[in-house]
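Asker: Below is one structure. I have some questions about it.
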Amino acid sequence: MVRWEDLRGSAKIYEEARKYLPGGVSYSLRYFDPHPIYIVRAKGSRVWDVDGNEYVDYWMGHGAVVTGFGYEPVLEAVREQLALGTHFGWCNEWEVKWAEAVTQWFGLDMAKPTNSGTEANMYAIRLARAYTKKKKIGKFIGGWHGGYPELHVAVNYPYDHPSSLDMQYVKADYTVLLPYNDLDGVREVVKNEDLAAVIVEPVVGVAGCIPAQRDFLKGLRELADEKGFLLIFDEVITGFRFYKGAQNYYGVRPDIVTAGKAVGGQYFAGAGAIVGSSEYLELMNQVARPRFWERAFHGGTFVGNPLTMRAGYTLISELLSKGESFYEKLYALGNRLIKGLEDSVGRASAQCHITGLGSMIGIHFTKEAPKDPLTSEKTKNLRACELLFKHMVGRNTLYLSPAKPHLFLSIAHTPEEIDKFVNDFEEFLVKNAELLAVR
């Protein structure tokens with residue numbers, strides 16, 4: 001078992017980090033009290049910290065890693081590419097192979113690489129506006145689409161607060177906020193709006209892995225056709241957590257899919273994609289539209305770099321060759337964890353709800369079962385969330401964040417690891433029965 005007072009190496013690094021990094025971390029999400037845990041190695045479902053402790057990891061690189069860490073086919077391709085060059089600033093064959101693989105995966109016509117999921121969403125919004133010649137964008141309360149200002153709205157609870165300093169300079173009336181999993185509510189909001197697009201996560205990630213209802217997504221598709229806006233699925237997390245994406249799992253075809261994380265091979269920066277019908281993506285065609293003011297801009301120094309493209313192509317090729325059987329195994333692990341957690345909650349009579357779909361799972365210490373981000377936040381027992389985090393770290397288990405327990409599985413996780421998580425979770429529920437009693 002890990003004792004916080006023994007994490008001296010991490011504590012020492014954090015003290016040094018505070019001198020040079022604001023808040024002592026590269027990304028505020030990775031901070032937790034009293035200090036972050038610094039990881040030096042990862043393999044399969046495990047990570048190791050600077051103090052030599054081994055953990056089962058349920059964060060999986062922000063949800064990017066579906067095969068487990070150190071997947072050899074991807075690493076071998078990267079080793080070969082490292083010797084040839086990682087960034088040319090010229091076209092290369094791997095961007096073509098990557099684009100073919102990505103369009104095959106999502107069943108759409110064309111793809112463009114981006115440097116991140118945030119960039120993918122930014123360019124998708126630009127494309128939707130260029131196509132429809134409209135300004136306003138619909139996004140869902142509690143949804144996270146990266147730091148692009150017009151989407152960086154109503155991300156964290158309380159949702160009426162600005163998501164960042166400087167947001168007062170963003171035109172608020174360009175972003176229309178919508179209620180998740182509430183089709184009637186969406187219809188009421190948009191009936192008098194002229195939207196360019198609606199962007200939605202098929203499974204809301206940052207709010208604790210809350211899946212969309214199938215009829216809700218189908219209804220959005222119908223509403224988009226009726227009202228003339230483009231439907232964008234943000235599949236930055238879900239794109240490779242479901243076979244051929246959540247759009248395939250739900251059987252709902254968006255106009256544009258945005259991807260990130262695993263689309264570049266899981267382990268590497270500079271990974272994102274806009275994927276869609278040629279009707280929309282041809283607006284970026286510099287040959288058909290040689291005058292820059294008549295096309296939608298897209299670019300970036302590291303866009304299409306051969307390292308990320310080759311890694312992404314290799315991973316997608318592997319997943320296509322493995323087919324649905326890979327995902328059946330991944331879903332089975334997720335179902336095992338969801339059922340185990342639900343059974344533990346039932347035996348302990350705890351005020352707790354489990355959400356999730358496939359390999360994405362959320363734990364919610366709330367009074368009501370979350371159907372959307374708002375219900376997952378407004379009655380949250382934050383103290384219970386923080387205590388669970390410390391409890392699980394002490395039992396060699398990591399996930400993020402302390403305030404929002406949500407988990408990502410990989411094919412490298414084992415049933416035994418799943419069962420251990422469930423047992424440790426139930427131990428926590430029993431130990432904190434008074435705090436978690438139904439009221």
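By convention here, the chains of the structure tokens are called A, B, ... in the order presented, each chain's residues are numbered starting at 1, and ligands are numbered starting at 1 in the order presented.
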Could you give me, as a PyMOL selection string, the residues within 8 Å of range 248-261 of chain A, counting only C-alpha atoms and dropping anything in the same chain fewer than 3 positions from it?

Answerer: chain A and resi 63-65+106+116-117+120-121+124+214+217-218+221+230-237+239+242-245+264-269+271-277

Asker: How would the residues just chosen look if you wrote them out with C-alpha atoms as a PDB file, in the first residue's frame?

Answerer:
ATOM      1  CA  GLY A  63      -8.441   8.435 -22.149  1.00  0.00           C
ATOM      2  CA  ALA A  64      -6.226   8.231 -25.230  1.00  0.00           C
ATOM      3  CA  VAL A  65      -4.773   4.759 -24.646  1.00  0.00           C
ATOM      4  CA  PHE A 106     -15.288   6.603 -39.451  1.00  0.00           C
ATOM      5  CA  SER A 116      -4.917  18.517 -31.125  1.00  0.00           C
ATOM      6  CA  GLY A 117      -8.561  17.842 -30.378  1.00  0.00           C
ATOM      7  CA  ALA A 120      -9.993  19.909 -34.596  1.00  0.00           C
ATOM      8  CA  ASN A 121     -13.027  21.462 -32.917  1.00  0.00           C
ATOM      9  CA  ALA A 124     -14.750  22.198 -37.501  1.00  0.00           C
ATOM     10  CA  ARG A 214     -29.731   6.898 -28.384  1.00  0.00           C
ATOM     11  CA  LEU A 217     -28.663  11.694 -30.701  1.00  0.00           C
ATOM     12  CA  LYS A 218     -31.128  10.513 -33.357  1.00  0.00           C
ATOM     13  CA  ARG A 221     -29.725  14.390 -36.355  1.00  0.00           C
ATOM     14  CA  LEU A 230     -24.406  20.850 -39.213  1.00  0.00           C
ATOM     15  CA  LEU A 231     -24.200  18.161 -36.547  1.00  0.00           C
ATOM     16  CA  ILE A 232     -20.665  17.726 -35.185  1.00  0.00           C
ATOM     17  CA  PHE A 233     -19.730  14.766 -33.007  1.00  0.00           C
ATOM     18  CA  ASP A 234     -16.757  15.532 -30.773  1.00  0.00           C
ATOM     19  CA  GLU A 235     -15.147  12.096 -30.676  1.00  0.00           C
ATOM     20  CA  VAL A 236     -11.806  13.220 -29.283  1.00  0.00           C
ATOM     21  CA  ILE A 237     -12.292  10.673 -26.473  1.00  0.00           C
ATOM     22  CA  GLY A 239     -13.486   7.965 -31.440  1.00  0.00           C
ATOM     23  CA  PHE A 242     -15.823   2.315 -29.665  1.00  0.00           C
ATOM     24  CA  TYR A 243     -15.455   0.248 -32.815  1.00  0.00           C
ATOM     25  CA  LYS A 244     -15.407   2.809 -35.643  1.00  0.00           C
ATOM     26  CA  GLY A 245     -16.406   5.504 -33.187  1.00  0.00           C
ATOM     27  CA  GLY A 264      -2.188   9.948 -33.666  1.00  0.00           C
ATOM     28  CA  GLY A 265      -1.229   6.574 -32.207  1.00  0.00           C
ATOM     29  CA  GLN A 266      -2.231   7.199 -28.539  1.00  0.00           C
ATOM     30  CA  TYR A 267       1.139   8.300 -27.215  1.00  0.00           C
ATOM     31  CA  PHE A 268       2.140  11.361 -29.225  1.00  0.00           C
ATOM     32  CA  ALA A 269       1.431  15.069 -29.419  1.00  0.00           C
ATOM     33  CA  ALA A 271      -2.831  14.421 -32.867  1.00  0.00           C
ATOM     34  CA  GLY A 272      -6.227  15.507 -34.075  1.00  0.00           C
ATOM     35  CA  ALA A 273      -8.533  15.174 -37.077  1.00  0.00           C
ATOM     36  CA  ILE A 274     -11.515  16.707 -38.823  1.00  0.00           C
ATOM     37  CA  VAL A 275     -13.421  14.014 -40.696  1.00  0.00           C
ATOM     38  CA  GLY A 276     -16.535  14.473 -42.786  1.00  0.00           C
ATOM     39  CA  SER A 277     -18.348  14.575 -46.060  1.00  0.00           C
TER      40      SER A 277
END

Asker: Write out as a list in words each polymer residue whose atoms come within 6 Å of Ala212 in chain A, counting only C-alpha atoms; drop sequence neighbours fewer than 3 positions from it.

Answerer: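 These residues fall inside the cut-off: Asn181, Pro202 and Val203 of chain A.
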
Asker: Generate the output file for the selected residues, C-alpha atoms, as a PDB file, in the first residue's frame.

Answerer:
ATOM      1  CA  ASN A 181     -30.067  14.390 -23.029  1.00  0.00           C
ATOM      2  CA  PRO A 202     -21.723  11.168 -27.542  1.00  0.00           C
ATOM      3  CA  VAL A 203     -20.425  10.382 -24.040  1.00  0.00           C
TER       4      VAL A 203
END

Asker: Between A:Pro415, A:Pro211, A:Gly228, A:Gly304, single out the one closest to Leu357 in chain A, counting only C-alpha atoms.

Answerer: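 Residue with the minimum atom-to-atom distance to Leu357 in chain A: A:Pro211.
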
Asker: Using DSSP assignments from the backbone, pull out every residue in range 302-411 of chain A that falls under helix (DSSP H, G or I) and give it to me as a PyMOL selection string.

Answerer: chain A and resi 306-322+324-348+373-377+382-394

Asker: Could you write those residues out with C-alpha atoms, as a short mmCIF file (atom, residue, chain, number, x, y, z; two decimals), in the first residue's frame?

Answerer:
data_model
loop_
_atom_site.label_atom_id
_atom_site.label_comp_id
_atom_site.auth_asym_id
_atom_site.auth_seq_id
_atom_site.Cartn_x
_atom_site.Cartn_y
_atom_site.Cartn_z
CA PRO A 306 5.35 11.82 -40.41
CA LEU A 307 5.86 10.58 -36.84
CA THR A 308 2.28 11.23 -35.69
CA MET A 309 0.80 10.21 -39.04
CA ARG A 310 2.68 6.92 -39.11
CA ALA A 311 1.84 6.15 -35.48
CA GLY A 312 -1.84 6.94 -36.09
CA TYR A 313 -1.95 4.91 -39.29
CA THR A 314 -0.34 1.94 -37.55
CA LEU A 315 -2.77 1.99 -34.63
CA ILE A 316 -5.85 2.36 -36.82
CA SER A 317 -4.64 -0.41 -39.13
CA GLU A 318 -4.14 -2.65 -36.10
CA LEU A 319 -7.62 -1.89 -34.77
CA LEU A 320 -9.21 -2.47 -38.17
CA SER A 321 -7.43 -5.82 -38.49
CA LYS A 322 -8.51 -6.91 -35.00
CA GLU A 324 -15.01 -5.97 -33.38
CA SER A 325 -13.53 -8.75 -31.24
CA PHE A 326 -11.04 -6.27 -29.75
CA TYR A 327 -13.89 -4.05 -28.67
CA GLU A 328 -16.06 -6.89 -27.42
CA LYS A 329 -13.29 -7.69 -24.96
CA LEU A 330 -12.88 -4.01 -24.03
CA TYR A 331 -16.64 -3.61 -23.51
CA ALA A 332 -16.72 -6.76 -21.40
CA LEU A 333 -14.12 -5.27 -19.05
CA GLY A 334 -16.17 -2.09 -18.80
CA ASN A 335 -19.39 -3.98 -18.13
CA ARG A 336 -17.64 -6.02 -15.44
CA LEU A 337 -16.48 -2.85 -13.71
CA ILE A 338 -19.85 -1.09 -13.99
CA LYS A 339 -21.73 -4.10 -12.61
CA GLY A 340 -19.21 -4.60 -9.81
CA LEU A 341 -19.45 -0.96 -8.75
CA GLU A 342 -23.25 -0.97 -8.92
CA ASP A 343 -23.44 -4.14 -6.85
CA SER A 344 -21.12 -2.61 -4.24
CA VAL A 345 -23.28 0.51 -4.04
CA GLY A 346 -26.35 -1.67 -3.56
CA ARG A 347 -24.82 -3.79 -0.80
CA ALA A 348 -23.59 -0.68 1.03
CA PRO A 373 -23.62 17.19 -16.34
CA LEU A 374 -25.86 19.44 -14.24
CA THR A 375 -27.37 16.57 -12.24
CA SER A 376 -23.88 15.15 -11.75
CA GLU A 377 -22.71 18.39 -10.14
CA LEU A 382 -17.27 16.59 -3.00
CA ARG A 383 -15.82 15.36 0.28
CA ALA A 384 -16.65 11.76 -0.68
CA CYS A 385 -14.96 12.23 -4.07
CA GLU A 386 -11.76 13.52 -2.49
CA LEU A 387 -11.66 10.79 0.15
CA LEU A 388 -12.18 8.09 -2.49
CA PHE A 389 -9.25 9.44 -4.49
CA LYS A 390 -6.89 9.29 -1.51
CA HIS A 391 -8.22 5.84 -0.57
CA MET A 392 -7.55 4.44 -4.05
CA VAL A 393 -4.08 6.00 -4.34
CA GLY A 394 -3.27 4.28 -1.07
#

Asker: List the spatial neighbours of Ser410 in chain A as a VMD selection string - criterion: any atom at most 9 Å away, only C-alpha atoms, same-chain residues fewer than 6 positions off excluded.

Answerer: chain A and resid 44 to 45 58 60 63 65 to 69 241 330 333 359

Asker: Write out as a PyMOL selection string the residues lying within 8 Å of Thr379 in chain A, counting only C-alpha atoms and excluding same-chain residues fewer than 5 positions away.

Answerer: chain A and resi 366-368

Asker: Can you tell me which residues surround range 185-190 of chain A at a distance of at most 10 Å, considering only C-alpha atoms, apart from same-chain residues fewer than 4 positions away, and format the answer as a PyMOL selection string?

Answerer: chain A and resi 138+140+176-181+194-195+216+219-220+223+227

Asker: Calculate how many Å separate CA of Val422 in chain A from CA of Ile37 in chain A, rounding to one decimal.

Answerer: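 Taking CA of Val422 in chain A as the start and CA of Ile37 in chain A as the end point, the length is 22.7 Å.
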
Asker: Report, in Å to a single decimal, how far apart CA of Arg395 in chain A and CA of Leu7 in chain A are.

Answerer: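 CA of Leu7 in chain A sits 13.7 Å away from CA of Arg395 in chain A.
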
Asker: Select, from A:Val438, A:Tyr280, A:Gln351, A:Phe240, the residue with the minimum atom-to-atom distance to Gly323 in chain A, counting only C-alpha atoms.

Answerer: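 Selected residue with least distance to Gly323 in chain A: A:Phe240.
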
Asker: Between CA of Ile137 in chain A and CA of Leu151 in chain A, what distance in Å does the model show, to one decimal?

Answerer: 8.3 Å

Asker: Looking only at strand (DSSP E) from DSSP on the backbone, list the matching residues of range 217-346 of chain A as a list in words.

Answerer: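 Checking each residue of range 217-346 of chain A, the strand (DSSP E) ones are Leu230, Leu231, Ile232, Phe233, Asp234, Ile256, Val257, Thr258, Ala259, Gly260, Gly272, Ala273, Ile274, Val275 and Gly276 of chain A.
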
Asker: Selection from above, C-alpha atoms, as a PDB file, in the first residue's frame, can you write it?

Answerer:
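Final file, part_22.pdb:
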ATOM      1  CA  LEU A 230     -24.406  20.850 -39.213  1.00  0.00           C
ATOM      2  CA  LEU A 231     -24.200  18.161 -36.547  1.00  0.00           C
ATOM      3  CA  ILE A 232     -20.665  17.726 -35.185  1.00  0.00           C
ATOM      4  CA  PHE A 233     -19.730  14.766 -33.007  1.00  0.00           C
ATOM      5  CA  ASP A 234     -16.757  15.532 -30.773  1.00  0.00           C
ATOM      6  CA  ILE A 256     -18.468  16.142 -39.172  1.00  0.00           C
ATOM      7  CA  VAL A 257     -16.496  14.090 -36.637  1.00  0.00           C
ATOM      8  CA  THR A 258     -13.619  15.582 -34.684  1.00  0.00           C
ATOM      9  CA  ALA A 259     -10.996  13.249 -33.275  1.00  0.00           C
ATOM     10  CA  GLY A 260      -7.833  13.498 -31.200  1.00  0.00           C
ATOM     11  CA  GLY A 272      -6.227  15.507 -34.075  1.00  0.00           C
ATOM     12  CA  ALA A 273      -8.533  15.174 -37.077  1.00  0.00           C
ATOM     13  CA  ILE A 274     -11.515  16.707 -38.823  1.00  0.00           C
ATOM     14  CA  VAL A 275     -13.421  14.014 -40.696  1.00  0.00           C
ATOM     15  CA  GLY A 276     -16.535  14.473 -42.786  1.00  0.00           C
TER      16      GLY A 276
END

Asker: Rank A:Gly107, A:Gly362, A:Thr118, A:Tyr148 by their smallest atom-to-atom distance to Gln247 in chain A, using only C-alpha atoms, and report the top residue only.

Answerer: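 With only C-alpha atoms as the atom set, the closest residue is A:Gly107.
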